Amino acid sequence: MAGSSSHHIRNICVFGGSSPGKEKEFLESTNHLGQVLAKRKIHLVYGGGSLGYWGGVAIAAFLGGSQVLGVVPEALTKGDIIGKTIGEEL
């Protein structure tokens, strides 16, 4: 790239699934992503819940000190479809 940029990402939105899937490596990768976000002090916005890929990123980011905001559609708040939202819930 020509020139340098002084922009710093402060927030990131992650779209994933609430299912853990069948590939252990994918779930491990979400945990690693959450750790990297926390280390770089990047805040996370995600689909809410504590299950699956979304949950893996959110838990690791939250435990690492990032601010975490789960945006949960009302239809998913009934029952225990997605688990408990990590951080704040909108």
# chains A, B, ... in the order shown; residues from 1 in each chain; ligands from 1
>>> closest_atom_pairs(of="region 4-64 of chain A", to="region 81-88 of chain A", cutoff="10 Å", atoms="only C-alpha atoms", output="JSON lines")
{"residue": "A:Gly17", "atom": "CA", "partner": "A:Ile82", "partner_atom": "CA", "distance": 9.5}
{"residue": "A:Ser18", "atom": "CA", "partner": "A:Ile82", "partner_atom": "CA", "distance": 6.2}
{"residue": "A:Ser19", "atom": "CA", "partner": "A:Ile82", "partner_atom": "CA", "distance": 8.7}
{"residue": "A:Leu44", "atom": "CA", "partner": "A:Gly87", "partner_atom": "CA", "distance": 9.5}
{"residue": "A:Val45", "atom": "CA", "partner": "A:Glu88", "partner_atom": "CA", "distance": 9.6}
{"residue": "A:Tyr46", "atom": "CA", "partner": "A:Ile86", "partner_atom": "CA", "distance": 9.6}
{"residue": "A:Gly47", "atom": "CA", "partner": "A:Thr85", "partner_atom": "CA", "distance": 8.8}
{"residue": "A:Gly48", "atom": "CA", "partner": "A:Thr85", "partner_atom": "CA", "distance": 5.0}
{"residue": "A:Gly49", "atom": "CA", "partner": "A:Thr85", "partner_atom": "CA", "distance": 3.9}
{"residue": "A:Ser50", "atom": "CA", "partner": "A:Gly83", "partner_atom": "CA", "distance": 5.0}
{"residue": "A:Leu51", "atom": "CA", "partner": "A:Ile82", "partner_atom": "CA", "distance": 5.8}
{"residue": "A:Gly52", "atom": "CA", "partner": "A:Ile82", "partner_atom": "CA", "distance": 8.5}
{"residue": "A:Trp54", "atom": "CA", "partner": "A:Ile82", "partner_atom": "CA", "distance": 9.4}
{"residue": "A:Gly55", "atom": "CA", "partner": "A:Ile86", "partner_atom": "CA", "distance": 7.6}
{"residue": "A:Val57", "atom": "CA", "partner": "A:Ile86", "partner_atom": "CA", "distance": 9.9}
{"residue": "A:Ala58", "atom": "CA", "partner": "A:Ile86", "partner_atom": "CA", "distance": 6.3}
{"residue": "A:Ile59", "atom": "CA", "partner": "A:Ile86", "partner_atom": "CA", "distance": 6.5}
{"residue": "A:Ala60", "atom": "CA", "partner": "A:Ile86", "partner_atom": "CA", "distance": 9.9}
{"residue": "A:Ala61", "atom": "CA", "partner": "A:Ile86", "partner_atom": "CA", "distance": 9.5}
{"residue": "A:Phe62", "atom": "CA", "partner": "A:Gly87", "partner_atom": "CA", "distance": 6.8}
{"residue": "A:Leu63", "atom": "CA", "partner": "A:Ile86", "partner_atom": "CA", "distance": 9.7}
>>> select_by_dssp(residues="chain A", states="helix (DSSP H, G or I)", output="count of residues only")
31
>>> residues_around(residues="Phe26 (chain A)", least_positions_apart="2", cutoff="12 Å", atoms="only C-alpha atoms", output="JSON, numbers by chain")
{"A": [16, 17, 19, 20, 21, 22, 23, 24, 28, 29, 30, 31, 32, 33, 52, 53, 54, 56, 57]}
>>> write_last_selection(atoms="C-alpha atoms", output="PDB file, in the first residue's frame")
ATOM      1  CA  GLY A  16     -21.403 -16.625  12.949  1.00  0.00           C
ATOM      2  CA  GLY A  17     -23.553 -19.476  14.114  1.00  0.00           C
ATOM      3  CA  SER A  19     -24.118 -24.166  16.620  1.00  0.00           C
ATOM      4  CA  PRO A  20     -20.683 -25.572  17.475  1.00  0.00           C
ATOM      5  CA  GLY A  21     -20.556 -27.405  14.163  1.00  0.00           C
ATOM      6  CA  LYS A  22     -18.563 -30.570  13.652  1.00  0.00           C
ATOM      7  CA  GLU A  23     -15.076 -29.162  13.159  1.00  0.00           C
ATOM      8  CA  LYS A  24     -13.177 -28.636  16.420  1.00  0.00           C
ATOM      9  CA  GLU A  28     -10.777 -23.184  18.466  1.00  0.00           C
ATOM     10  CA  SER A  29     -10.347 -20.443  15.855  1.00  0.00           C
ATOM     11  CA  THR A  30     -13.257 -18.464  17.277  1.00  0.00           C
ATOM     12  CA  ASN A  31     -11.640 -18.616  20.716  1.00  0.00           C
ATOM     13  CA  HIS A  32      -8.369 -17.375  19.224  1.00  0.00           C
ATOM     14  CA  LEU A  33     -10.156 -14.537  17.407  1.00  0.00           C
ATOM     15  CA  GLY A  52     -21.343 -22.098  19.064  1.00  0.00           C
ATOM     16  CA  TYR A  53     -19.071 -19.842  17.065  1.00  0.00           C
ATOM     17  CA  TRP A  54     -20.630 -16.594  18.264  1.00  0.00           C
ATOM     18  CA  GLY A  56     -16.662 -18.765  21.394  1.00  0.00           C
ATOM     19  CA  VAL A  57     -15.609 -15.339  20.123  1.00  0.00           C
TER      20      VAL A  57
END
>>> select_by_dssp(residues="chain A", states="strand (DSSP E)", output="number ranges by chain")
A: 11-14, 43-46, 68-70, 88-89
>>> atom_distance(atom1="CA of Pro73 (chain A)", atom2="CA of Cys13 (chain A)")
15.5 Å
>>> decode(residues="region 49-60 of chain A", atoms="N, CA and C atoms", output="short mmCIF file (atom, residue, chain, number, x, y, z; two decimals), in the first residue's frame")
data_model
loop_
_atom_site.label_atom_id
_atom_site.label_comp_id
_atom_site.auth_asym_id
_atom_site.auth_seq_id
_atom_site.Cartn_x
_atom_site.Cartn_y
_atom_site.Cartn_z
N GLY A 49 -25.83 -14.55 22.72
CA GLY A 49 -25.77 -15.94 23.17
C GLY A 49 -24.37 -16.37 23.55
N SER A 50 -24.30 -17.59 24.04
CA SER A 50 -23.01 -18.13 24.48
C SER A 50 -22.68 -19.46 23.81
N LEU A 51 -23.46 -19.82 22.81
CA LEU A 51 -23.28 -21.10 22.16
C LEU A 51 -22.55 -20.96 20.83
N GLY A 52 -21.93 -22.02 20.40
CA GLY A 52 -21.34 -22.10 19.06
C GLY A 52 -20.25 -21.09 18.78
N TYR A 53 -20.15 -20.73 17.51
CA TYR A 53 -19.07 -19.84 17.07
C TYR A 53 -19.21 -18.45 17.66
N TRP A 54 -20.42 -17.91 17.66
CA TRP A 54 -20.63 -16.59 18.26
C TRP A 54 -20.17 -16.60 19.71
N GLY A 55 -20.63 -17.61 20.44
CA GLY A 55 -20.28 -17.70 21.86
C GLY A 55 -18.79 -17.83 22.09
N GLY A 56 -18.11 -18.59 21.25
CA GLY A 56 -16.66 -18.77 21.39
C GLY A 56 -15.91 -17.45 21.29
N VAL A 57 -16.25 -16.64 20.30
CA VAL A 57 -15.61 -15.34 20.12
C VAL A 57 -15.95 -14.44 21.30
N ALA A 58 -17.23 -14.39 21.65
CA ALA A 58 -17.70 -13.48 22.70
C ALA A 58 -17.09 -13.80 24.06
N ILE A 59 -17.06 -15.06 24.43
CA ILE A 59 -16.52 -15.44 25.74
C ILE A 59 -15.04 -15.08 25.83
N ALA A 60 -14.27 -15.42 24.81
CA ALA A 60 -12.83 -15.13 24.84
C ALA A 60 -12.57 -13.63 24.85
#
